[in-house]
>>> print(open('protein.cif').read())   # mmCIF, C-alpha atoms
data_protein
loop_
_atom_site.label_atom_id
_atom_site.label_comp_id
_atom_site.auth_asym_id
_atom_site.auth_seq_id
_atom_site.Cartn_x
_atom_site.Cartn_y
_atom_site.Cartn_z
CA MET O 610 68.09 -5.12 187.64
CA GLN O 611 66.16 -1.98 187.03
CA THR O 612 67.49 -0.40 183.85
CA VAL O 613 67.16 3.31 183.37
CA ASP O 614 65.53 4.20 180.07
CA MET O 615 67.31 7.40 179.22
CA GLN O 616 66.60 7.39 175.51
CA ARG O 617 63.06 8.54 175.62
CA LEU O 618 61.40 11.48 177.28
CA LYS O 619 58.74 10.88 179.90
CA ALA O 620 55.14 10.95 178.67
CA GLY O 621 53.95 14.41 177.61
CA GLU O 622 57.29 16.09 178.02
CA VAL O 623 58.45 19.02 175.96
CA ASN O 624 61.63 18.20 174.09
CA LEU O 625 64.57 20.51 173.57
CA GLY O 626 65.59 18.31 170.63
CA THR O 627 68.39 20.47 169.69
CA SER O 628 71.73 21.44 168.34
CA ILE O 629 73.96 23.13 170.88
CA MET O 630 77.66 23.80 170.91
CA ALA O 631 80.38 25.66 172.71
CA VAL O 632 83.90 26.42 171.46
CA GLN O 633 86.82 27.85 173.35
CA PHE O 634 89.13 30.40 171.71
CA THR O 635 92.08 32.48 172.86
CA ASP O 636 90.17 35.16 174.79
CA GLY O 637 86.88 33.49 175.62
CA VAL O 638 84.20 31.08 174.50
CA VAL O 639 81.51 31.17 171.85
CA ILE O 640 78.34 29.24 172.65
CA GLY O 641 75.50 28.70 170.24
CA ALA O 642 72.18 26.93 169.90
CA ASP O 643 69.23 26.59 167.55
CA SER O 644 65.83 27.78 168.70
CA ARG O 645 63.35 24.93 168.33
CA THR O 646 61.35 23.31 171.17
CA THR O 647 59.08 20.43 170.16
CA THR O 648 56.25 18.45 171.72
CA GLY O 649 56.20 15.45 169.43
CA SER O 650 55.98 16.96 165.95
CA TYR O 651 54.47 20.28 167.06
CA ILE O 652 57.00 23.07 167.44
CA ALA O 653 56.01 24.53 170.79
CA ASN O 654 58.47 27.42 170.57
CA ARG O 655 60.39 28.37 167.41
CA VAL O 656 62.41 31.18 168.99
CA THR O 657 63.61 29.51 172.19
CA ASP O 658 66.61 30.81 174.03
CA LYS O 659 68.60 27.76 175.06
CA LEU O 660 71.59 29.74 176.28
CA THR O 661 70.97 30.22 179.96
CA HIS O 662 72.77 32.64 182.25
CA VAL O 663 73.92 31.04 185.49
CA HIS O 664 76.52 33.64 186.41
CA ASP O 665 78.07 36.83 184.98
CA ARG O 666 80.60 34.99 182.83
CA ILE O 667 79.17 31.45 182.96
CA TYR O 668 76.44 30.25 180.62
CA CYS O 669 74.98 26.84 179.92
CA CYS O 670 73.47 25.33 176.77
CA ARG O 671 70.49 23.08 177.44
CA SER O 672 69.36 20.01 175.53
CA GLY O 673 66.95 17.19 176.37
CA SER O 674 63.80 17.75 178.37
CA ALA O 675 62.95 21.45 178.64
CA ALA O 676 61.50 21.13 182.16
CA ASP O 677 64.42 19.11 183.51
CA THR O 678 67.09 21.43 182.16
CA GLN O 679 65.27 24.54 183.37
CA ALA O 680 64.92 23.08 186.86
CA VAL O 681 68.60 22.13 187.05
CA ALA O 682 69.78 25.47 185.65
CA ASP O 683 67.62 27.38 188.16
CA ILE O 684 69.12 25.49 191.08
CA VAL O 685 72.68 26.04 189.83
CA HIS O 686 71.95 29.77 189.34
CA TYR O 687 70.63 29.93 192.94
CA GLN O 688 73.61 28.02 194.32
CA LEU O 689 76.15 30.17 192.44
CA GLN O 690 74.60 33.33 193.89
CA MET O 691 75.04 31.89 197.39
CA ILE O 692 78.64 30.96 196.65
CA THR O 693 79.37 34.43 195.24
CA GLN O 694 78.18 35.99 198.52
CA GLN O 695 80.40 33.68 200.50
CA SER O 696 83.63 33.32 198.56
CA GLY O 697 83.53 35.60 195.52
CA THR O 698 83.11 34.83 191.81
CA PRO O 699 83.07 31.08 191.22
CA SER O 700 85.11 29.43 188.48
CA VAL O 701 83.56 27.69 185.48
CA ALA O 702 84.83 24.41 186.93
CA THR O 703 82.81 25.02 190.10
CA ALA O 704 79.65 25.66 188.12
CA ALA O 705 80.27 22.60 185.95
CA ASN O 706 80.78 20.43 189.01
CA ILE O 707 77.51 21.59 190.55
CA PHE O 708 75.71 20.74 187.33
CA GLN O 709 77.41 17.37 187.28
CA LYS O 710 76.45 16.59 190.88
CA LEU O 711 72.81 17.35 190.22
CA CYS O 712 72.69 15.45 186.93
CA TYR O 713 74.38 12.38 188.37
CA GLU O 714 72.39 12.14 191.61
CA ASN O 715 69.12 12.50 189.75
CA LYS O 716 70.10 10.48 186.71
CA ASP O 717 67.17 8.09 186.98
CA GLN O 718 64.68 10.93 186.60
CA LEU O 719 66.39 13.46 184.37
CA SER O 720 66.97 13.62 180.65
CA ALA O 721 69.32 16.55 180.43
CA GLY O 722 72.39 17.08 178.29
CA ILE O 723 74.13 20.30 179.28
CA ILE O 724 77.19 22.16 178.04
CA VAL O 725 78.67 24.64 180.52
CA ALA O 726 81.00 27.31 179.18
CA GLY O 727 82.45 30.58 180.38
CA TRP O 728 85.43 32.64 181.33
CA ASP O 729 87.08 32.97 184.72
CA LYS O 730 90.20 34.66 186.04
CA GLU O 731 92.12 31.52 187.04
CA THR O 732 91.87 29.39 183.91
CA GLY O 733 90.53 31.76 181.28
CA PRO O 734 88.01 30.23 178.87
CA SER O 735 86.73 26.69 179.36
CA VAL O 736 84.03 24.37 178.05
CA TYR O 737 82.57 21.44 179.99
CA ASN O 738 80.31 18.81 178.46
CA ILE O 739 77.81 17.00 180.71
CA PRO O 740 75.97 14.39 178.64
CA LEU O 741 73.12 12.11 179.76
CA GLY O 742 74.13 10.13 182.84
CA GLY O 743 76.04 12.92 184.53
CA GLY O 744 79.65 12.55 183.46
CA LEU O 745 81.89 15.63 183.33
CA PHE O 746 84.25 16.21 180.41
CA ARG O 747 86.37 19.28 179.79
CA GLN O 748 86.94 19.79 176.07
CA PRO O 749 88.13 22.62 173.79
CA TRP O 750 84.87 22.35 171.86
CA ALA O 751 81.70 20.43 172.55
CA ILE O 752 78.51 19.73 170.60
CA GLY O 753 75.30 18.29 171.98
CA GLY O 754 71.67 17.57 171.30
CA SER O 755 69.98 15.48 168.65
CA GLY O 756 71.41 17.56 165.81
CA SER O 757 74.98 17.13 166.93
CA THR O 758 75.23 13.60 165.56
CA TYR O 759 75.08 14.95 162.01
CA VAL O 760 77.97 17.35 162.40
CA TYR O 761 80.66 15.43 164.25
CA GLY O 762 82.46 14.84 160.96
CA TYR O 763 82.30 18.51 159.95
CA CYS O 764 83.57 19.62 163.37
CA ASP O 765 86.43 17.12 163.48
CA ALA O 766 87.53 18.14 160.00
CA THR O 767 87.23 21.88 160.51
CA TYR O 768 88.27 22.71 164.09
CA LYS O 769 91.71 24.13 164.57
CA ASP O 770 93.44 25.26 167.70
CA GLY O 771 94.40 28.94 168.19
CA TRP O 772 91.47 30.63 166.47
CA GLY O 773 90.35 34.14 167.29
CA ARG O 774 86.85 35.42 167.94
CA ASP O 775 85.61 35.82 164.36
CA GLU O 776 86.79 32.45 163.10
CA THR O 777 85.17 30.76 166.08
CA VAL O 778 81.86 32.56 165.51
CA GLU O 779 81.99 31.47 161.85
CA PHE O 780 82.69 27.87 162.90
CA VAL O 781 79.74 27.82 165.32
CA LYS O 782 77.42 29.42 162.78
CA ASN O 783 78.31 26.95 160.03
CA THR O 784 78.12 23.90 162.28
CA LEU O 785 74.73 24.82 163.70
CA SER O 786 73.44 25.65 160.25
CA LEU O 787 74.42 22.22 158.95
CA ALA O 788 72.90 20.50 161.98
CA MET O 789 69.68 22.47 161.64
CA SER O 790 69.36 21.60 157.97
CA ARG O 791 69.56 17.85 158.64
CA ASP O 792 67.89 17.40 162.03
CA GLY O 793 64.11 17.68 162.21
CA SER O 794 64.18 18.62 165.88
CA SER O 795 66.51 21.57 165.28
CA GLY O 796 65.70 24.75 163.42
CA GLY O 797 64.55 28.33 163.64
CA VAL O 798 67.23 30.90 164.32
CA ILE O 799 70.78 30.69 165.62
CA ARG O 800 71.48 32.33 168.95
CA MET O 801 75.08 32.79 170.04
CA CYS O 802 76.90 34.33 173.01
CA VAL O 803 80.51 35.43 173.02
CA ILE O 804 81.81 35.38 176.60
CA THR O 805 85.08 37.17 177.34
CA GLU O 806 86.65 38.97 180.25
CA GLU O 807 85.07 42.23 179.07
CA GLY O 808 81.53 40.89 178.97
CA VAL O 809 78.91 38.85 177.19
CA GLN O 810 77.80 39.75 173.70
CA ARG O 811 74.68 38.17 172.24
CA LEU O 812 74.53 37.47 168.51
CA PHE O 813 71.50 36.58 166.42
CA VAL O 814 71.24 35.00 162.97
CA PRO O 815 67.69 34.93 161.60
CA GLY O 816 66.41 31.90 159.71
CA ASN O 817 66.62 33.53 156.28
CA GLU O 818 70.29 34.48 156.75
CA LEU O 819 71.60 31.05 157.72
CA PRO O 820 74.67 29.97 155.75
CA LYS O 821 73.62 27.67 152.94
CA PHE O 822 75.49 24.60 151.79
CA TRP O 823 74.70 22.03 149.12
CA GLU O 824 71.02 22.37 148.28
CA GLY O 825 70.78 20.12 145.25
CA GLU O 826 70.43 22.84 142.59
CA GLU O 827 71.39 20.41 139.86
CA VAL O 828 68.33 18.32 140.71
CA LEU O 829 66.03 21.31 140.15
CA GLN O 830 66.30 20.99 136.34
CA GLY O 831 68.96 23.58 135.72
CA LYS O 832 67.24 26.38 137.66
CA PRO O 833 70.11 28.42 139.13
CA VAL O 834 69.65 29.28 142.81
CA LYS O 835 70.81 32.78 143.68
CA ARG O 836 73.43 32.53 146.39
CA GLU O 837 72.97 35.22 149.01
CA VAL O 838 75.94 37.24 150.16
CA PRO O 839 76.90 36.06 153.65
CA VAL O 840 75.82 38.56 156.31
CA ALA O 841 77.51 39.12 159.66
CA PRO O 842 75.40 38.04 162.64
CA MET O 843 73.26 40.75 164.21
CA GLU O 844 74.44 42.04 167.55
CA ILE O 845 71.69 42.44 170.06
CA GLU O 846 71.35 43.92 173.52
CA ILE O 847 70.56 41.49 176.31
CA MET J 1044 68.85 15.57 206.71
CA ASP J 1045 69.48 13.22 203.81
CA PRO J 1046 72.84 14.17 202.19
CA SER J 1047 71.59 13.87 198.62
CA LEU J 1048 70.79 16.51 196.01
CA ARG J 1049 67.51 14.91 195.03
CA LEU J 1050 65.43 17.39 193.02
CA VAL J 1051 62.11 15.54 193.25
CA PRO J 1052 60.87 12.69 195.46
CA SER J 1053 62.09 9.34 194.15
CA GLY J 1054 59.66 6.59 193.16
CA PRO J 1055 57.75 4.61 195.78
CA SER J 1056 59.62 1.80 197.52
CA LYS J 1057 57.95 -1.58 197.22
CA VAL J 1058 57.76 -2.82 200.77
CA ALA J 1059 55.43 -4.82 203.00
CA SER J 1060 55.54 -3.88 206.67
CA ILE J 1061 53.39 -3.80 209.78
CA GLN J 1062 54.79 -0.48 211.03
CA ASP J 1063 51.40 1.21 210.77
CA THR J 1064 49.61 -1.26 213.00
CA ALA J 1065 52.41 -2.27 215.37
CA ASN J 1066 51.91 -2.06 219.14
CA SER J 1067 54.64 -1.55 221.72
CA PHE J 1068 55.86 -5.15 221.28
CA GLY J 1069 56.45 -4.58 217.57
CA LEU J 1070 53.69 -7.00 216.63
CA HIS J 1071 50.43 -6.39 214.81
CA ASP J 1072 47.93 -4.87 217.29
CA THR J 1073 44.84 -7.03 216.80
CA LEU J 1074 42.75 -5.37 219.51
CA THR J 1075 43.07 -1.96 217.90
CA TYR J 1076 43.14 -2.76 214.23
CA GLY J 1077 41.58 -6.18 213.81
CA PRO J 1078 43.12 -9.33 212.34
CA ARG J 1079 46.15 -9.11 210.07
CA SER J 1080 45.46 -8.69 206.38
CA LEU J 1081 48.03 -8.98 203.64
CA ALA J 1082 46.23 -6.43 201.52
CA ALA J 1083 46.68 -3.81 204.24
CA GLU J 1084 50.32 -4.72 204.85
CA VAL J 1085 51.59 -4.53 201.28
CA LYS J 1086 52.24 -0.87 200.67
CA LYS J 1087 50.76 -0.31 197.27
CA SER J 1088 51.33 3.40 196.99
CA SER J 1089 50.46 5.63 194.08
CA SER J 1090 53.46 7.35 192.54
CA VAL J 1091 51.59 10.65 192.19
CA LYS J 1092 50.42 10.51 195.82
CA ASP J 1093 53.95 9.81 197.05
CA ARG J 1094 55.39 12.58 194.93
CA LEU J 1095 52.94 15.17 196.24
CA GLU J 1096 53.22 14.06 199.86
CA ASN J 1097 57.01 14.16 199.85
CA TRP J 1098 57.36 17.29 197.71
CA GLU J 1099 57.90 19.94 200.41
CA ALA J 1100 60.25 17.75 202.41
CA THR J 1101 62.36 17.00 199.34
CA GLN J 1102 62.64 20.66 198.34
CA ASP J 1103 63.54 21.60 201.91
CA ASN J 1104 66.17 18.87 202.03
CA LEU J 1105 67.64 20.07 198.72
CA LYS J 1106 67.93 23.63 200.05
CA LEU J 1107 69.62 22.42 203.23
CA ASN J 1108 72.13 20.46 201.18
CA LEU J 1109 72.86 23.45 198.96
CA GLN J 1110 73.48 25.51 202.11
CA ARG J 1111 75.80 22.79 203.40
CA ASN J 1112 77.79 22.88 200.16
CA ALA J 1113 78.03 26.68 200.09
CA TYR J 1114 78.56 27.58 203.75
CA GLY J 1115 79.52 24.40 205.57
CA LEU J 1116 77.74 21.86 207.73
CA HIS J 1117 77.01 24.42 210.46
CA ALA J 1118 74.44 26.26 208.31
CA PRO J 1119 71.84 23.49 207.95
CA VAL J 1120 72.63 22.24 211.47
CA ARG J 1121 71.74 25.64 212.92
CA MET J 1122 68.54 25.80 210.87
CA LEU J 1123 67.48 22.36 212.06
CA MET J 1124 68.43 23.22 215.65
CA GLU J 1125 66.25 26.32 215.54
CA ARG J 1126 63.34 24.34 214.17
CA GLN J 1127 63.70 21.73 216.87
CA ILE J 1128 63.86 24.33 219.66
CA VAL J 1129 60.83 26.15 218.34
CA GLY J 1130 58.85 22.99 217.61
CA HIS J 1131 59.28 21.63 221.12
CA ASN J 1132 55.82 21.39 222.73
CA PRO J 1133 55.92 20.84 226.50
CA HIS J 1134 52.12 20.62 226.79
CA MET J 1135 50.42 17.25 227.06
CA PRO J 1136 48.62 16.02 223.95
CA ALA J 1137 46.96 19.17 222.69
CA PHE J 1138 44.86 19.12 219.56
CA ARG J 1139 45.45 21.56 216.71
CA THR J 1140 48.40 23.42 218.14
CA SER J 1141 49.39 26.36 216.00
CA ASN J 1142 53.08 27.17 215.93
CA ILE J 1143 53.63 30.54 214.27
CA HIS J 1144 57.31 30.57 215.04
CA LEU J 1145 57.80 27.25 213.28
CA ASP J 1146 55.70 28.45 210.35
CA ILE J 1147 57.92 31.50 210.00
CA LEU J 1148 61.09 29.41 210.09
CA MET J 1149 59.68 27.01 207.51
CA GLY J 1150 58.67 29.91 205.28
CA ARG J 1151 54.96 29.18 205.27
CA ASP J 1152 53.75 32.05 207.47
CA GLU J 1153 52.20 33.84 204.52
CA THR J 1154 50.62 30.86 202.75
CA LEU J 1155 47.24 29.24 203.18
CA GLU J 1156 46.50 25.57 202.74
CA CYS J 1157 43.15 23.79 202.57
CA ALA J 1158 43.65 22.38 206.06
CA ASP J 1159 43.88 25.93 207.43
CA PHE J 1160 40.35 26.93 206.57
CA MET J 1161 38.49 23.70 205.89
CA MET J 1162 38.91 21.92 209.24
CA PRO J 1163 35.54 21.71 211.15
CA ALA J 1164 35.55 23.34 214.58
CA SER J 1165 34.26 20.31 216.46
CA GLU J 1166 36.66 17.40 216.19
CA LEU J 1167 36.08 13.82 217.14
CA SER J 1168 38.82 12.69 219.46
CA GLN J 1169 39.10 9.04 220.36
CA PRO J 1170 40.03 8.40 223.99
CA LEU J 1171 42.56 5.75 222.92
CA ASP J 1172 44.49 8.40 221.01
CA ILE J 1173 45.43 10.26 224.18
CA HIS J 1174 46.97 7.15 225.74
CA ALA J 1175 49.00 6.40 222.65
CA GLU J 1176 50.08 10.06 222.48
CA MET J 1177 51.15 10.03 226.14
CA GLU J 1178 53.09 6.80 225.63
CA ARG J 1179 54.88 8.22 222.68
CA LYS J 1180 55.67 11.44 224.51
CA LEU J 1181 57.02 9.78 227.65
CA ARG J 1182 59.15 7.40 225.69
CA MET J 1183 60.79 10.40 224.08
#
>>> encode(input="protein.cif", output="structure tokens")
Amino acid sequence: MQTVDMQRLKAGEVNLGTSIMAVQFTDGVVIGADSRTTTGSYIANRVTDKLTHVHDRIYCCRSGSAADTQAVADIVHYQLQMITQQSGTPSVATAANIFQKLCYENKDQLSAGIIVAGWDKETGPSVYNIPLGGGLFRQPWAIGGSGSTYVYGYCDATYKDGWGRDETVEFVKNTLSLAMSRDGSSGGVIRMCVITEEGVQRLFVPGNELPKFWEGEEVLQGKPVKREVPVAPMEIEI
Amino acid sequence: MDPSLRLVPSGPSKVASIQDTANSFGLHDTLTYGPRSLAAEVKKSSSVKDRLENWEATQDNLKLNLQRNAYGLHAPVRMLMERQIVGHNPHMPAFRTSNIHLDILMGRDETLECADFMMPASELSQPLDIHAEMERKLRM
């Protein structure tokens, strides 16, 4: 039987080894990602934007092979434009199902882990996780990419239902920061999008303003490390 | 139209067949192609060659399927019907027919390929070809 080797990238591929996440809150969703793209140990792009627009209120977070995820996201973007012409604004579920169809039918040739998140009129905010293999899972929060394995514990312990916008942004920022500090394939800056009925707001946290956690000060022979005052993420225009 | 959302051509299929050299009986045509040879029959195809050869057809098929999903089966059926109508050639085996209408429908009216400007003006046409062409046409 021909087994599909989904663990490794194909020869010469650029890797979106990554930390991505999406969390639903009362009025919308917050999605976030790191910004590192690697080819082996070389960081091909240290300011990547992994949060891809597929429709006005529907975004996707991409992890896995950069080429594969870009190709799939382009096709979904194209298809959603056609559907909008025909039957109006599509729901997040529709977009997620298109992603799932493509990922499943091409599973032998793709390495793409995608999180689809957005807001629509019928269901409000929703997050869909599409891991390798092409399964579809709706969840209140989802993490993905190589860095996600290090933060499952933190997320399980911290997530609470019924949060507002600011608490959710804080949660995403802290989780990604922890993942980026432990995973070699994740790093750079944190990019986030807050998607609500009113619109999409992009947030940016530069590398020197990432929240810091235990850094082993006691090991540095009593040298006190000055803790920086936490700064709110920068709001940027699209 | 293959009802799958294949993004790129799938890998080569490992098959041995005599389709290429078959005559009207379905057997290997010795008079035309010489004795049977296993090396010729086993299709050892290069994965890169297959990918490039099937690229346009796969992308076209993907677009037709996306249209089917968005608008209904009638959309790709109409497109294929138009192509068939326009591609119909009532003339007897003509060499190097140019079909602008078909090119426009396929979206390649403003592109140039090597075959468009590298083909020599004088072509060698084997007499046997015309018979085979006629047979194929009449059996349509």
>>> atom_distance(input="protein.cif", atom1="atom CA of O:Ile752", atom2="atom CA of O:Lys769")
15.2 Å
>>> resolve_selection(input="protein.cif", expression="the PyMOL selection byres ((chain O) within 7 of (chain J))", output="number ranges by chain")
O: 688, 691-692, 711, 714-715
>>> atom_distance(input="protein.cif", atom1="atom CA of O:Pro749", atom2="atom CA of O:Ala631")
8.4 Å
>>> closest_residue(input="protein.cif", among="J:Val1091, J:Ser1067, J:Met1149, J:Arg1121", to="J:Ala1175", atoms="only C-alpha atoms")
J:Ser1067
>>> closest_residue(input="protein.cif", among="O:Pro699, O:Gly727, O:Gly808, O:Gly626", to="O:Ala642", atoms="only C-alpha atoms")
O:Gly626
>>> residues_near_point(input="protein.cif", point="(75.8, 38.5, 162.5)", cutoff="10 Å", atoms="all atoms listed in the file", output="list of chain:residue names")
O:Val778, O:Glu779, O:Lys782, O:Ile799, O:Arg800, O:Met801, O:Arg811, O:Leu812, O:Phe813, O:Val814, O:Pro815, O:Glu818, O:Leu819, O:Pro839, O:Val840, O:Ala841, O:Pro842, O:Met843, O:Glu844, O:Ile845
>>> resolve_selection(input="protein.cif", expression="the PyMOL selection byres ((chain O and resi 661) around 9)", output="ChimeraX atom specification")
/O:658-660,662-663,667-671,679,682
>>> write_last_selection(input="protein.cif", atoms="C-alpha atoms", output="CSV table (one decimal), in the frame of the given file")
chain,number,residue,atom,x,y,z
O,658,ASP,CA,66.6,30.8,174.0
O,659,LYS,CA,68.6,27.8,175.1
O,660,LEU,CA,71.6,29.7,176.3
O,662,HIS,CA,72.8,32.6,182.2
O,663,VAL,CA,73.9,31.0,185.5
O,667,ILE,CA,79.2,31.4,183.0
O,668,TYR,CA,76.4,30.2,180.6
O,669,CYS,CA,75.0,26.8,179.9
O,670,CYS,CA,73.5,25.3,176.8
O,671,ARG,CA,70.5,23.1,177.4
O,679,GLN,CA,65.3,24.5,183.4
O,682,ALA,CA,69.8,25.5,185.6
>>> atom_distance(input="protein.cif", atom1="atom CA of O:Asp665", atom2="atom CA of O:Val809")
8.1 Å
>>> residues_near_point(input="protein.cif", point="(77.2, 17.7, 189.8)", cutoff="10 Å", atoms="only C-alpha atoms", output="mmCIF file with C-alpha atoms, in the coordinates of the input")
data_model
loop_
_atom_site.group_PDB
_atom_site.id
_atom_site.type_symbol
_atom_site.label_atom_id
_atom_site.label_comp_id
_atom_site.auth_asym_id
_atom_site.auth_seq_id
_atom_site.Cartn_x
_atom_site.Cartn_y
_atom_site.Cartn_z
ATOM 1 C CA VAL O 685 72.680 26.040 189.830
ATOM 2 C CA THR O 703 82.810 25.020 190.100
ATOM 3 C CA ALA O 704 79.650 25.660 188.120
ATOM 4 C CA ALA O 705 80.270 22.600 185.950
ATOM 5 C CA ASN O 706 80.780 20.430 189.010
ATOM 6 C CA ILE O 707 77.510 21.590 190.550
ATOM 7 C CA PHE O 708 75.710 20.740 187.330
ATOM 8 C CA GLN O 709 77.410 17.370 187.280
ATOM 9 C CA LYS O 710 76.450 16.590 190.880
ATOM 10 C CA LEU O 711 72.810 17.350 190.220
ATOM 11 C CA CYS O 712 72.690 15.450 186.930
ATOM 12 C CA TYR O 713 74.380 12.380 188.370
ATOM 13 C CA GLU O 714 72.390 12.140 191.610
ATOM 14 C CA ASN O 715 69.120 12.500 189.750
ATOM 15 C CA ILE O 739 77.810 17.000 180.710
ATOM 16 C CA GLY O 743 76.040 12.920 184.530
ATOM 17 C CA GLY O 744 79.650 12.550 183.460
ATOM 18 C CA LEU O 745 81.890 15.630 183.330
ATOM 19 C CA LEU J 1048 70.790 16.510 196.010
#
>>> resolve_selection(input="protein.cif", expression="the PyMOL selection byres ((chain O and resi 722) around 8)", output="compact mmCIF listing (two decimals) with C-alpha atoms, in the coordinates of the input")
# COMPACT_ATOMS: atom_id res chain seq x y z
CA ARG O 671 70.49 23.08 177.44
CA SER O 672 69.36 20.01 175.53
CA GLY O 673 66.95 17.19 176.37
CA THR O 678 67.09 21.43 182.16
CA SER O 720 66.97 13.62 180.65
CA ALA O 721 69.32 16.55 180.43
CA ILE O 723 74.13 20.30 179.28
CA ILE O 724 77.19 22.16 178.04
CA ILE O 739 77.81 17.00 180.71
CA PRO O 740 75.97 14.39 178.64
CA LEU O 741 73.12 12.11 179.76
CA GLY O 753 75.30 18.29 171.98
CA GLY O 754 71.67 17.57 171.30
>>> residues_around(input="protein.cif", residues="O:Gly756", least_positions_apart="3", cutoff="7 Å", atoms="all atoms listed in the file", output="ChimeraX atom specification")
/O:627-628,759,788-789,792,795
>>> closest_residue(input="protein.cif", among="O:Pro820, O:Gly742, O:Gly649, O:Gly733", to="O:Ser794", atoms="all atoms listed in the file")
O:Gly649
>>> closest_residue(input="protein.cif", among="J:Phe1068, J:Glu1084, J:Asp1159, J:Ser1089", to="J:Thr1140", atoms="all atoms listed in the file")
J:Asp1159
>>> axis_aligned_box(input="protein.cif", around="stretch 1117-1136 of chain J", padding_each_side="8 Å", output="AutoDock Vina command-line options")
--center_x 62.8 --center_y 21.2 --center_z 217.5 --size_x 44.4 --size_y 26.3 --size_z 35.1
>>> decode(input="protein.cif", residues="stretch 1105-1110 of chain J", atoms="all heavy atoms", output="mmCIF file, in the first residue's frame")
data_model
loop_
_atom_site.group_PDB
_atom_site.id
_atom_site.type_symbol
_atom_site.label_atom_id
_atom_site.label_comp_id
_atom_site.auth_asym_id
_atom_site.auth_seq_id
_atom_site.Cartn_x
_atom_site.Cartn_y
_atom_site.Cartn_z
ATOM 1 N N LEU J 1105 -9.860 22.109 -13.187
ATOM 2 C CA LEU J 1105 -10.113 22.688 -11.859
ATOM 3 C C LEU J 1105 -11.077 23.861 -11.970
ATOM 4 O O LEU J 1105 -12.048 23.954 -11.217
ATOM 5 C CB LEU J 1105 -8.792 23.141 -11.229
ATOM 6 C CG LEU J 1105 -8.895 23.902 -9.914
ATOM 7 C CD1 LEU J 1105 -9.468 23.048 -8.809
ATOM 8 C CD2 LEU J 1105 -7.530 24.440 -9.493
ATOM 9 N N LYS J 1106 -10.823 24.744 -12.964
ATOM 10 C CA LYS J 1106 -11.701 25.911 -13.137
ATOM 11 C C LYS J 1106 -13.124 25.485 -13.468
ATOM 12 O O LYS J 1106 -14.090 26.054 -12.959
ATOM 13 C CB LYS J 1106 -11.161 26.828 -14.239
ATOM 14 C CG LYS J 1106 -9.913 27.567 -13.838
ATOM 15 C CD LYS J 1106 -9.886 28.989 -14.355
ATOM 16 C CE LYS J 1106 -8.818 29.811 -13.679
ATOM 17 N NZ LYS J 1106 -7.451 29.457 -14.107
ATOM 18 N N LEU J 1107 -13.258 24.471 -14.327
ATOM 19 C CA LEU J 1107 -14.603 23.990 -14.671
ATOM 20 C C LEU J 1107 -15.316 23.457 -13.435
ATOM 21 O O LEU J 1107 -16.513 23.699 -13.237
ATOM 22 C CB LEU J 1107 -14.511 22.892 -15.742
ATOM 23 C CG LEU J 1107 -14.116 23.355 -17.147
ATOM 24 C CD1 LEU J 1107 -13.887 22.161 -18.045
ATOM 25 C CD2 LEU J 1107 -15.189 24.241 -17.747
ATOM 26 N N ASN J 1108 -14.584 22.756 -12.589
ATOM 27 C CA ASN J 1108 -15.198 22.225 -11.378
ATOM 28 C C ASN J 1108 -15.589 23.324 -10.401
ATOM 29 O O ASN J 1108 -16.628 23.237 -9.740
ATOM 30 C CB ASN J 1108 -14.257 21.224 -10.707
ATOM 31 C CG ASN J 1108 -14.393 19.846 -11.287
ATOM 32 O OD1 ASN J 1108 -15.453 19.245 -11.243
ATOM 33 N ND2 ASN J 1108 -13.331 19.356 -11.881
ATOM 34 N N LEU J 1109 -14.775 24.366 -10.316
ATOM 35 C CA LEU J 1109 -15.124 25.488 -9.442
ATOM 36 C C LEU J 1109 -16.385 26.175 -9.961
ATOM 37 O O LEU J 1109 -17.259 26.568 -9.185
ATOM 38 C CB LEU J 1109 -13.969 26.489 -9.364
ATOM 39 C CG LEU J 1109 -12.705 26.018 -8.669
ATOM 40 C CD1 LEU J 1109 -11.643 27.102 -8.716
ATOM 41 C CD2 LEU J 1109 -12.970 25.626 -7.226
ATOM 42 N N GLN J 1110 -16.491 26.297 -11.284
ATOM 43 C CA GLN J 1110 -17.709 26.873 -11.882
ATOM 44 C C GLN J 1110 -18.924 26.010 -11.570
ATOM 45 O O GLN J 1110 -20.001 26.524 -11.265
ATOM 46 C CB GLN J 1110 -17.566 26.956 -13.402
ATOM 47 C CG GLN J 1110 -16.733 28.112 -13.862
ATOM 48 C CD GLN J 1110 -16.648 28.170 -15.364
ATOM 49 O OE1 GLN J 1110 -17.098 27.262 -16.062
ATOM 50 N NE2 GLN J 1110 -16.074 29.227 -15.878
#
